[in-house]
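Below: my_file.txt (compact mmCIF, C-alpha atoms)
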```txt
# COMPACT_ATOMS: atom_id res chain seq x y z
CA MET K 22 12.42 1.05 15.38
CA ASP K 23 13.90 -2.18 16.69
CA ILE K 24 16.88 -3.62 14.78
CA LYS K 25 18.38 -7.08 15.20
CA LYS K 26 20.78 -9.17 13.15
CA ILE K 27 19.35 -12.40 11.72
CA THR K 28 19.88 -15.07 9.06
CA TYR K 29 17.40 -14.91 6.19
CA LEU K 30 17.30 -17.09 3.05
CA SER K 31 20.68 -18.60 4.06
CA ALA K 32 22.24 -15.13 4.22
CA PRO K 33 23.75 -14.70 7.71
CA ASN K 34 24.17 -10.91 7.74
CA CYS K 35 20.61 -9.64 7.45
CA TYR K 36 18.85 -7.17 9.70
CA GLU K 37 15.25 -7.35 10.86
CA LEU K 38 13.59 -3.99 11.43
CA THR K 39 10.30 -3.69 13.27
CA ILE K 40 7.99 -0.74 13.84
CA GLY K 41 4.97 -1.89 15.81
CA LYS K 42 3.40 -4.65 13.69
CA GLN K 43 5.44 -3.78 10.59
CA LYS K 44 8.48 -5.90 9.73
CA MET K 45 11.25 -5.41 7.18
CA ILE K 46 14.37 -7.49 6.48
CA VAL K 47 17.41 -5.90 4.85
CA ALA K 48 20.14 -8.03 3.25
CA THR K 49 23.79 -7.00 3.36
CA ASP K 50 25.62 -10.04 1.94
CA PHE K 51 24.47 -8.81 -1.47
CA GLY K 52 22.65 -5.77 -2.73
CA PRO K 53 21.79 -3.44 -1.15
CA ARG K 54 18.39 -5.14 -1.06
CA ILE K 55 15.27 -5.10 1.10
CA MET K 56 14.02 -8.70 0.99
CA HIS K 57 11.00 -8.90 3.30
CA LEU K 58 8.04 -6.70 4.16
CA SER K 59 5.03 -7.75 6.22
CA ILE K 60 2.43 -6.50 8.67
CA ASP K 61 0.56 -8.14 11.57
CA GLY K 62 2.66 -11.29 11.25
CA GLY K 63 1.34 -11.84 7.73
CA GLU K 64 3.04 -13.12 4.60
CA ASN K 65 6.04 -11.50 2.95
CA MET K 66 4.59 -9.10 0.40
CA LEU K 67 7.82 -9.05 -1.59
CA PHE K 68 8.86 -11.51 -4.27
CA ASN K 69 12.08 -13.43 -3.52
CA ASP K 70 13.77 -15.30 -6.36
CA GLU K 71 14.93 -18.23 -4.23
CA ALA K 72 15.17 -20.49 -7.29
CA GLU K 73 17.45 -17.95 -9.02
CA LYS K 74 15.23 -18.10 -12.08
CA PHE K 75 15.95 -14.52 -13.12
CA LYS K 76 19.58 -13.68 -13.80
CA SER K 77 21.86 -12.33 -16.49
CA GLY K 78 25.44 -13.54 -16.30
CA TYR K 79 26.61 -12.91 -12.76
CA TRP K 80 23.67 -10.61 -12.01
CA LYS K 81 20.69 -11.98 -10.09
CA ILE K 82 17.43 -10.19 -9.49
CA TYR K 83 17.21 -11.59 -5.92
CA GLY K 84 13.83 -9.87 -5.68
CA GLY K 85 12.72 -7.52 -2.95
CA HIS K 86 13.57 -3.85 -3.29
CA ARG K 87 16.60 -2.54 -5.17
CA LEU K 88 18.23 0.67 -6.39
CA TRP K 89 19.09 1.27 -10.04
CA VAL K 90 19.98 4.23 -12.23
CA SER K 91 17.66 5.11 -15.13
CA PRO K 92 17.68 4.73 -18.12
CA GLU K 93 17.90 0.94 -18.09
CA ASN K 94 21.18 -0.26 -19.55
CA ARG K 95 23.79 -2.96 -19.06
CA TRP K 96 25.53 -0.97 -16.34
CA ASP K 97 22.49 -1.56 -14.13
CA LEU K 98 23.37 -5.24 -14.10
CA ASP K 99 26.01 -4.70 -11.47
CA PRO K 100 26.49 -8.16 -9.91
CA ASN K 101 25.57 -6.93 -6.41
CA ASN K 102 26.77 -10.29 -5.11
CA GLU K 103 29.39 -8.98 -2.69
CA LYS K 104 29.01 -7.83 0.90
CA CYS K 105 27.88 -4.28 1.44
CA ASP K 106 29.09 -1.72 3.95
CA VAL K 107 26.68 -1.36 6.87
CA ILE K 108 26.21 1.56 9.24
CA LEU K 109 23.84 1.08 12.17
CA GLY K 110 22.37 4.17 13.80
CA GLU K 111 20.21 4.55 16.87
CA ASN K 112 17.10 4.51 14.69
CA SER K 113 18.42 3.70 11.22
CA ILE K 114 20.38 1.33 9.01
CA THR K 115 22.47 2.35 6.01
CA VAL K 116 23.66 -0.18 3.43
CA LYS K 117 25.94 0.88 0.60
CA LYS K 118 28.00 -0.59 -2.22
CA LEU K 119 30.17 0.87 -4.98
CA ASN K 120 29.34 -0.16 -8.54
CA LYS K 121 32.83 -0.51 -9.99
CA ASN K 122 31.47 -0.43 -13.55
CA THR K 123 30.14 3.11 -13.17
CA ASP K 124 31.95 4.47 -10.08
CA LEU K 125 28.50 5.18 -8.63
CA GLU K 126 28.02 4.34 -4.95
CA LYS K 127 24.50 3.07 -4.24
CA THR K 128 23.14 3.61 -0.73
CA ILE K 129 19.83 2.60 0.85
CA THR K 130 19.03 4.06 4.27
CA VAL K 131 15.97 2.98 6.27
CA THR K 132 14.73 5.19 9.09
CA GLU K 133 11.58 5.48 11.14
CA LYS K 134 9.37 8.52 10.65
CA ASN K 135 5.78 8.89 11.81
CA GLN K 136 5.71 5.18 12.78
CA ARG K 137 6.54 4.20 9.20
CA PHE K 138 9.56 2.99 7.25
CA ASN K 139 11.22 5.73 5.24
CA VAL K 140 13.59 4.48 2.55
CA THR K 141 16.16 6.92 1.16
CA HIS K 142 18.03 6.04 -2.03
CA THR K 143 21.31 7.85 -2.53
CA ILE K 144 23.70 7.94 -5.47
CA THR K 145 27.21 9.37 -5.06
CA ASN K 146 29.55 9.61 -8.03
CA LYS K 147 32.93 8.37 -6.82
CA GLY K 148 34.54 8.77 -10.25
CA GLN K 149 36.17 11.71 -12.02
CA PHE K 150 33.60 12.19 -14.78
CA LEU K 151 29.96 13.26 -15.07
CA PHE K 152 27.25 10.59 -15.26
CA ALA K 153 23.72 11.38 -16.49
CA GLY K 154 20.66 9.52 -15.25
CA ALA K 155 17.97 9.38 -12.58
CA ILE K 156 17.53 7.56 -9.28
CA TRP K 157 15.29 4.53 -9.81
CA ALA K 158 13.72 2.65 -6.87
CA LEU K 159 12.14 -0.72 -7.75
CA THR K 160 10.04 -2.91 -5.43
CA CYS K 161 9.18 -6.50 -6.50
CA PHE K 162 5.87 -7.93 -5.28
CA LYS K 163 4.18 -11.26 -5.68
CA PRO K 164 1.87 -11.17 -8.73
CA LYS K 165 -1.57 -10.71 -7.22
CA GLY K 166 -4.00 -7.93 -6.46
CA THR K 167 -4.40 -4.54 -8.11
CA ILE K 168 -1.78 -1.88 -8.76
CA PHE K 169 -3.12 1.68 -8.71
CA VAL K 170 -1.43 4.81 -10.05
CA PRO K 171 -2.87 8.34 -9.65
CA TRP K 172 -2.78 9.48 -13.28
CA ALA K 173 -4.56 12.87 -13.39
CA SER K 174 -2.75 16.20 -13.46
CA HIS K 175 -3.56 18.99 -11.03
CA GLY K 176 -5.42 22.25 -11.68
CA SER K 177 -8.53 23.10 -13.67
CA PHE K 178 -7.12 21.69 -16.93
CA LYS K 179 -7.10 18.00 -16.03
CA MET K 180 -5.05 15.61 -18.14
CA SER K 181 -4.64 11.87 -17.61
CA LYS K 182 -1.82 10.12 -19.43
CA ILE K 183 -0.30 6.66 -19.40
CA ILE K 184 2.85 5.65 -21.27
CA TYR K 185 2.82 2.09 -22.64
CA TRP K 186 6.04 0.27 -23.46
CA ASN K 187 4.83 -1.32 -26.70
CA GLN K 188 8.09 -3.21 -27.05
CA TRP K 189 11.43 -3.38 -25.24
CA THR K 190 14.10 -6.06 -25.57
CA ASP K 191 12.07 -9.22 -26.29
CA LYS K 192 8.97 -8.07 -24.35
CA LYS K 193 5.73 -6.39 -25.42
CA THR K 194 2.75 -4.71 -23.76
CA ASN K 195 -0.74 -5.44 -25.04
CA VAL K 196 -2.39 -2.03 -24.73
CA ASN K 197 -5.80 -3.72 -25.03
CA SER K 198 -5.08 -6.11 -22.17
CA SER K 199 -8.01 -6.94 -19.90
CA GLN K 200 -5.75 -6.30 -16.88
CA PHE K 201 -5.86 -2.54 -17.55
CA SER K 202 -8.73 -0.42 -16.25
CA GLN K 203 -9.21 3.16 -15.09
CA ASN K 204 -11.44 5.60 -13.30
CA ASP K 205 -11.19 9.37 -13.01
CA ASP K 206 -8.46 9.13 -10.37
CA TYR K 207 -6.47 5.94 -10.95
CA PHE K 208 -5.04 3.87 -13.74
CA MET K 209 -5.19 0.28 -12.50
CA ILE K 210 -3.50 -3.00 -13.35
CA ASN K 211 -5.62 -5.96 -12.25
CA ILE K 212 -2.75 -8.43 -12.15
CA ASN K 213 -3.35 -11.52 -14.29
CA GLY K 214 0.16 -12.72 -15.15
CA GLU K 215 0.54 -10.88 -18.45
CA THR K 216 3.80 -9.11 -19.26
CA SER K 217 3.45 -5.33 -19.43
CA LYS K 218 5.21 -2.06 -18.64
CA ILE K 219 3.44 1.27 -18.12
CA GLY K 220 4.38 4.65 -16.68
CA SER K 221 2.79 7.89 -15.59
CA ALA K 222 3.72 11.39 -14.47
CA ALA K 223 1.91 10.52 -11.20
CA TYR K 224 1.56 14.12 -10.05
CA ASP K 225 0.20 13.00 -6.66
CA GLY K 226 3.54 11.33 -5.92
CA TYR K 227 2.61 7.77 -5.00
CA VAL K 228 1.87 4.29 -6.29
CA GLY K 229 0.21 1.36 -4.52
CA ILE K 230 -0.81 -2.26 -4.65
CA THR K 231 -3.77 -3.78 -2.82
CA THR K 232 -4.77 -7.42 -2.23
CA ASP K 233 -7.30 -9.20 -0.03
CA ASN K 234 -4.68 -9.37 2.75
CA TYR K 235 -2.70 -6.14 2.58
CA THR K 236 -2.14 -2.76 0.93
CA PHE K 237 1.23 -1.17 0.27
CA ILE K 238 1.69 2.44 -0.88
CA LYS K 239 4.99 4.21 -1.41
CA LYS K 240 4.89 7.99 -1.46
CA PHE K 241 7.57 10.42 -2.59
CA ASP K 242 8.06 14.15 -3.17
CA ARG K 243 7.07 14.62 -6.79
CA VAL K 244 9.12 17.58 -8.09
CA ASN K 245 7.24 20.16 -10.18
CA THR K 246 9.10 19.54 -13.42
CA ASN K 247 8.54 17.79 -16.72
CA ASP K 248 12.07 16.39 -16.72
CA TYR K 249 11.43 12.87 -15.46
CA PRO K 250 12.71 9.89 -17.46
CA ASP K 251 10.82 7.99 -20.16
CA ASP K 252 8.55 10.80 -21.39
CA ASN K 253 8.12 12.31 -17.92
CA CYS K 254 7.34 9.17 -15.89
CA ALA K 255 7.79 9.56 -12.14
CA VAL K 256 6.14 6.16 -11.60
CA GLU K 257 6.54 2.99 -13.67
CA CYS K 258 5.07 -0.50 -13.23
CA PHE K 259 6.17 -3.83 -14.68
CA THR K 260 4.18 -7.06 -14.58
CA CYS K 261 4.86 -10.65 -15.55
CA ALA K 262 3.77 -14.11 -14.46
CA ASP K 263 6.33 -14.37 -11.64
CA PHE K 264 6.38 -10.90 -10.08
CA VAL K 265 5.35 -7.27 -10.47
CA GLU K 266 7.35 -4.12 -9.84
CA LEU K 267 6.32 -0.76 -8.41
CA GLU K 268 8.94 1.78 -9.42
CA THR K 269 9.47 5.44 -8.58
CA LEU K 270 12.05 7.77 -10.10
CA SER K 271 13.77 11.06 -9.45
CA PRO K 272 14.01 13.75 -12.13
CA ASN K 273 16.88 13.45 -14.58
CA VAL K 274 20.17 14.70 -13.17
CA VAL K 275 23.85 14.85 -13.99
CA PHE K 276 25.69 13.10 -11.16
CA ALA K 277 28.69 15.29 -10.49
CA PRO K 278 31.77 13.78 -8.78
CA GLU K 279 31.51 13.57 -4.97
CA VAL K 280 28.02 15.12 -4.92
CA THR K 281 25.21 13.21 -3.18
CA TYR K 282 21.76 12.91 -4.78
CA SER K 283 18.81 11.36 -2.91
CA HIS K 284 15.27 10.14 -3.51
CA THR K 285 13.11 9.16 -0.49
CA GLU K 286 10.02 6.97 -0.32
CA GLU K 287 7.64 6.82 2.65
CA TRP K 288 6.21 3.30 2.94
CA PHE K 289 2.63 2.81 4.12
CA LEU K 290 1.54 -0.71 5.13
CA PHE K 291 -2.04 -1.72 5.88
CA GLY K 292 -3.39 -5.17 6.75
CA SER K 293 -6.46 -4.95 4.53
CA LYS K 294 -7.69 -4.08 1.05
CA VAL K 295 -8.53 -0.50 0.02
CA ASN K 296 -11.27 0.72 -2.29
CA VAL K 297 -9.60 2.14 -5.40
CA SER K 298 -12.86 3.92 -6.24
CA ASP K 299 -12.42 6.11 -3.17
CA LYS K 300 -9.32 8.23 -3.72
CA LYS K 301 -10.24 10.71 -0.98
CA SER K 302 -10.07 7.97 1.66
CA ILE K 303 -6.74 6.67 0.31
CA ASP K 304 -5.30 10.19 0.28
CA GLN K 305 -6.36 10.65 3.89
CA MET K 306 -4.67 7.37 4.85
CA ILE K 307 -1.29 8.55 3.53
CA ARG K 308 -1.25 12.13 4.80
```
Could the structure of this file be written out as structure tokens, please?
Amino acid sequence: MDIKKITYLSAPNCYELTIGKQKMIVATDFGPRIMHLSIDGGENMLFNDEAEKFKSGYWKIYGGHRLWVSPENRWDLDPNNEKCDVILGENSITVKKLNKNTDLEKTITVTEKNQRFNVTHTITNKGQFLFAGAIWALTCFKPKGTIFVPWASHGSFKMSKIIYWNQWTDKKTNVNSSQFSQNDDYFMININGETSKIGSAAYDGYVGITTDNYTFIKKFDRVNTNDYPDDNCAVECFTCADFVELETLSPNVVFAPEVTYSHTEEWFLFGSKVNVSDKKSIDQMIR
């Protein structure tokens, strides 16, 4: 993996990572955030909020990929506007920042493994007290294409379940939306700009998005437990007119002081569309 320091979106302390034809840009003047992802010299797959349309007080979404702690609450809105600590390795970059509201240190480490980007999300409790939650990794994409979530359980007793957020804050999901469809293997969101939030146990441990120009899949080690957040959701997806989010979570945990907890995603990038009716082929692609 090649690493070089660049300026990106007027931020002078960014790092461009390349693995073959895959490119990623990591910001360090705020965040930690991953702001760019592309393949074969193509467009940035990730949504960047350059107009600063989405913010709450001092907090800005920025876009790209970020690290939160579930369940969603006001402590997640850590400003993230200050410079992060950066550690460069021979084949890795680590970006970390302490959330002074919670005493939780958030760390994103990007390494190369099997010619792919591996993104490890780490939470370390730097305070004196216990903190309950789960590691929550959110990736913002431009609102186009189809999101696909493997929604069937394993074994001879097959169950397929989707959790709909009927209402949260001032938002609602229309469970009868035309953007939702499914087959035996995947629950799909055919992105049309509607606001929605869904989740699944996602026993196969991945979630993806495919467009005419690219496919992105992030894969993680799905722990054999029913103790994931939000009624056992290991994957969650949010959509709106401006962006969509692919989110993976760790099981619920109590963050003990000075103990490190991690959740790793393996990122698969392809420069073409996949057939969501052919799960066997997709599974083979991400072995």
Separation of CA of Ile40 in chain K and CA of Ala223 in chain K, in Å?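 Calculated distance between CA of Ile40 in chain K and CA of Ala223 in chain K is 28.1 Å.
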Using only C-alpha atoms: which of K:Ala173, K:Ile156, K:Val131, K:Ile108 has the shortest distance to Asn273 in chain K: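 Going through K:Ala173, K:Ile156, K:Val131, K:Ile108 one by one, the smallest distance to Asn273 in chain K is for K:Ile156.
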Please measure the separation of CA of Ser91 in chain K and CA of Ala155 in chain K, giving the value in Å to one decimal. 5.0 Å
Record the distance separating CA of Met66 in chain K and CA of Gly229 in chain K, expressed in Å with one decimal.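 A separation of 12.4 Å between them.
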All residues 10 Å or closer to Asn187 in chain K, all atoms listed in the file, same chain fewer than 4 positions away omitted, as a ChimeraX atom specification: /K:192-196,217-219
Cut-off 8 Å around (5.9, 2.6, -9.0) with all atoms listed in the file: residues as a list in words: Leu159, Thr160, Val170, Tyr227, Val228, Gly229, Lys239, Ala255, Val256, Glu257, Cys258, Glu266, Leu267, Glu268 and Thr269 of chain K
